[in-house]
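Structure data follow from data_5.txt (compact mmCIF, C-alpha atoms and all ligand atoms):
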# COMPACT_ATOMS: atom_id res chain seq x y z
CA MET A 14 -165.06 -93.33 -147.26
CA ARG A 15 -164.39 -95.45 -144.18
CA TYR A 16 -162.14 -94.50 -141.30
CA CYS A 17 -160.26 -96.80 -138.94
CA SER A 18 -161.12 -96.66 -135.28
CA ILE A 19 -158.39 -96.75 -132.67
CA THR A 20 -159.68 -100.20 -131.70
CA GLU A 21 -159.20 -101.41 -135.28
CA LEU A 22 -155.70 -99.98 -135.39
CA LYS A 23 -154.73 -101.63 -132.11
CA SER A 24 -156.24 -104.98 -133.09
CA SER A 25 -154.81 -104.94 -136.60
CA ASN A 26 -151.38 -105.91 -135.20
CA TYR A 27 -149.50 -103.98 -137.85
CA TYR A 28 -149.63 -100.53 -136.40
CA MET A 29 -146.22 -99.47 -135.10
CA ASN A 30 -144.75 -102.89 -135.94
CA ASP A 31 -141.71 -103.37 -138.13
CA ILE A 32 -143.35 -103.94 -141.49
CA SER A 33 -140.47 -106.06 -142.72
CA GLN A 34 -141.49 -108.66 -140.11
CA ASN A 35 -145.07 -108.88 -141.39
CA SER A 36 -146.30 -111.66 -143.60
CA LYS A 37 -147.27 -110.75 -147.15
CA ASN A 38 -150.94 -111.44 -146.34
CA ASP A 39 -151.07 -108.96 -143.50
CA ILE A 40 -153.50 -106.14 -144.01
CA ILE A 41 -151.49 -102.98 -144.44
CA CYS A 42 -154.50 -100.68 -144.86
CA GLY A 43 -157.30 -101.35 -142.42
CA CYS A 44 -159.62 -98.92 -144.19
CA SER A 45 -159.53 -100.74 -147.53
CA GLY A 46 -158.37 -104.20 -146.46
CA THR A 47 -155.36 -103.96 -148.76
CA THR A 48 -152.66 -106.52 -147.99
CA SER A 49 -148.92 -106.26 -148.24
CA ALA A 50 -149.05 -108.91 -150.99
CA GLN A 51 -151.35 -106.73 -153.10
CA ILE A 52 -149.01 -103.77 -152.72
CA GLN A 53 -145.98 -105.91 -153.48
CA ALA A 54 -147.66 -107.28 -156.63
CA LEU A 55 -148.29 -103.74 -157.88
CA LEU A 56 -144.71 -102.71 -157.11
CA ASN A 57 -143.44 -105.76 -159.00
CA GLN A 58 -145.59 -104.68 -161.97
CA GLY A 59 -143.91 -101.29 -161.95
CA VAL A 60 -146.64 -99.33 -160.18
CA LEU A 61 -144.38 -97.14 -158.04
CA ASP A 62 -146.62 -94.13 -157.47
CA LEU A 63 -148.56 -93.98 -154.20
CA ASP A 64 -151.43 -92.05 -155.78
CA ARG A 65 -151.85 -94.76 -158.41
CA ILE A 66 -151.55 -97.51 -155.79
CA SER A 67 -154.25 -95.71 -153.82
CA ARG A 68 -156.57 -95.49 -156.83
CA ILE A 69 -156.12 -99.18 -157.62
CA THR A 70 -156.39 -100.61 -154.10
CA GLY A 71 -158.22 -98.00 -152.05
CA ALA A 72 -155.28 -97.78 -149.65
CA LEU A 73 -154.63 -94.22 -148.44
CA SER A 74 -158.21 -93.27 -149.27
CA GLY A 75 -159.42 -93.35 -145.67
CA CYS A 76 -157.62 -92.24 -142.52
CA GLY A 77 -154.16 -92.19 -144.11
CA GLY A 78 -152.71 -94.28 -141.30
CA CYS A 79 -151.10 -96.68 -143.76
CA GLU A 80 -149.03 -94.03 -145.56
CA PHE A 81 -145.85 -94.68 -143.58
CA ASP A 82 -146.04 -98.44 -144.15
CA LEU A 83 -146.71 -97.95 -147.86
CA GLN A 84 -143.72 -95.66 -148.11
CA VAL A 85 -141.57 -98.28 -146.35
CA LEU A 86 -142.69 -100.95 -148.84
CA LEU A 87 -141.99 -98.59 -151.74
CA ARG A 88 -138.56 -97.63 -150.35
CA ASN A 89 -137.66 -101.28 -149.74
CA HIS A 90 -138.77 -102.20 -153.26
CA ARG A 91 -136.71 -99.40 -154.75
CA SER A 92 -133.61 -100.37 -152.79
CA GLN A 93 -134.04 -104.03 -153.72
CA THR A 94 -134.41 -103.17 -157.38
CA ASN A 95 -131.73 -100.46 -157.23
CA LEU A 96 -134.10 -97.72 -158.32
CA GLU A 97 -133.54 -94.16 -157.19
CA ASP A 98 -136.05 -92.42 -154.90
S1 LIG A 101 -155.31 -97.47 -142.89
FE1 LIG A 101 -156.77 -95.87 -143.21
S2 LIG A 101 -156.38 -95.26 -145.28
FE2 LIG A 101 -155.08 -96.97 -145.00
Show how you would write the structure in this file as structure tokens.
Amino acid sequence: MRYCSITELKSSNYYMNDISQNSKNDIICGCSGTTSAQIQALLNQGVLDLDRISRITGALSGCGGCEFDLQVLLRNHRSQTNLED
């Protein structure tokens, strides 16, 4: 298991940013290197469970700092596809 340092979080340029403004290739999980595009691809394939996304990508398996951003992507996907929370 690898944890993000504060330096990594500050230099990653996604922390505390509006995720909707990020490019799809931005790393959303600094611990695993998972990109927004990888998460979006899983969501588009119907993988809508954060535990399953974590097992597949490694996101959320380190410091947990990406949880909020992952939830935003999931919520946005659900609203765009008219799925209930
Ligand atoms: S940023 Fe640490 S687990 Fe995702």
Give me the residues of chain A that have any atom at most 6 Å from an atom of ligand LIG 101 (chain A); for each, the nearest atom pair and the distance in Å, rounded to one decimal. Use only C-alpha atoms and all ligand atoms, sort by chain and number, and format it as JSON lines.
{"residue": "A:Tyr16", "atom": "CA", "partner": "A:LIG101", "partner_atom": "FE1", "distance": 5.9}
{"residue": "A:Cys17", "atom": "CA", "partner": "A:LIG101", "partner_atom": "FE1", "distance": 5.6}
{"residue": "A:Cys42", "atom": "CA", "partner": "A:LIG101", "partner_atom": "FE2", "distance": 3.8}
{"residue": "A:Gly43", "atom": "CA", "partner": "A:LIG101", "partner_atom": "S1", "distance": 4.4}
{"residue": "A:Cys44", "atom": "CA", "partner": "A:LIG101", "partner_atom": "FE1", "distance": 4.3}
{"residue": "A:Ala72", "atom": "CA", "partner": "A:LIG101", "partner_atom": "FE2", "distance": 4.7}
{"residue": "A:Leu73", "atom": "CA", "partner": "A:LIG101", "partner_atom": "S2", "distance": 3.8}
{"residue": "A:Ser74", "atom": "CA", "partner": "A:LIG101", "partner_atom": "S2", "distance": 4.8}
{"residue": "A:Gly75", "atom": "CA", "partner": "A:LIG101", "partner_atom": "S2", "distance": 3.6}
{"residue": "A:Cys76", "atom": "CA", "partner": "A:LIG101", "partner_atom": "FE1", "distance": 3.8}
{"residue": "A:Gly77", "atom": "CA", "partner": "A:LIG101", "partner_atom": "S2", "distance": 4.0}
{"residue": "A:Gly78", "atom": "CA", "partner": "A:LIG101", "partner_atom": "S1", "distance": 4.4}
{"residue": "A:Cys79", "atom": "CA", "partner": "A:LIG101", "partner_atom": "FE2", "distance": 4.2}
query: A:Glu80, A:Asn95, A:Asn38, A:Leu87: which is nearest Asp62 in chain A, counting all atoms listed in the file?
result: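 Checking each of A:Glu80, A:Asn95, A:Asn38, A:Leu87 against Asp62 in chain A, counting all atoms listed in the file, the winner is A:Leu87.
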query: What does the distance from CA of Gln53 in chain A to CA of Ser92 in chain A come to in Å, to one decimal?
result: 13.6 Å
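Distance annotation: of A:Gln93, A:Arg88, A:Gln51, A:Gly46, the residue with the minimal separation from Ile66 in chain A is A:Gln51; atom set is only C-alpha atoms.
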Which centre and edge lengths in Å to one decimal define the box along x, y and z that fits every listed atom of range 77-86 of chain A plus 5 Å per side, as JSON?
{"center_x": -147.9, "center_y": -96.6, "center_z": -145.1, "size_x": 22.6, "size_y": 18.8, "size_z": 17.5}
Leu55 in chain A surroundings by only C-alpha atoms, 12 Å radius, close-in-sequence under 4 positions cut, as a list in words: Thr47, Thr48, Ser49, Ala50, Gln51, Gly59, Val60, Leu61, Asp62, Leu63, Arg65, Ile66, Ser67, Arg68, Ile69, Thr70, Leu83, Leu86, Leu87 and His90 of chain A
- prompt: For Thr94 in chain A, which of A:Asp64, A:Asp39, A:Phe81, A:Leu56 is the closest residue, counting all atoms listed in the file?
  reply: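 The shortest atom-to-atom distance to Thr94 in chain A comes from A:Leu56.
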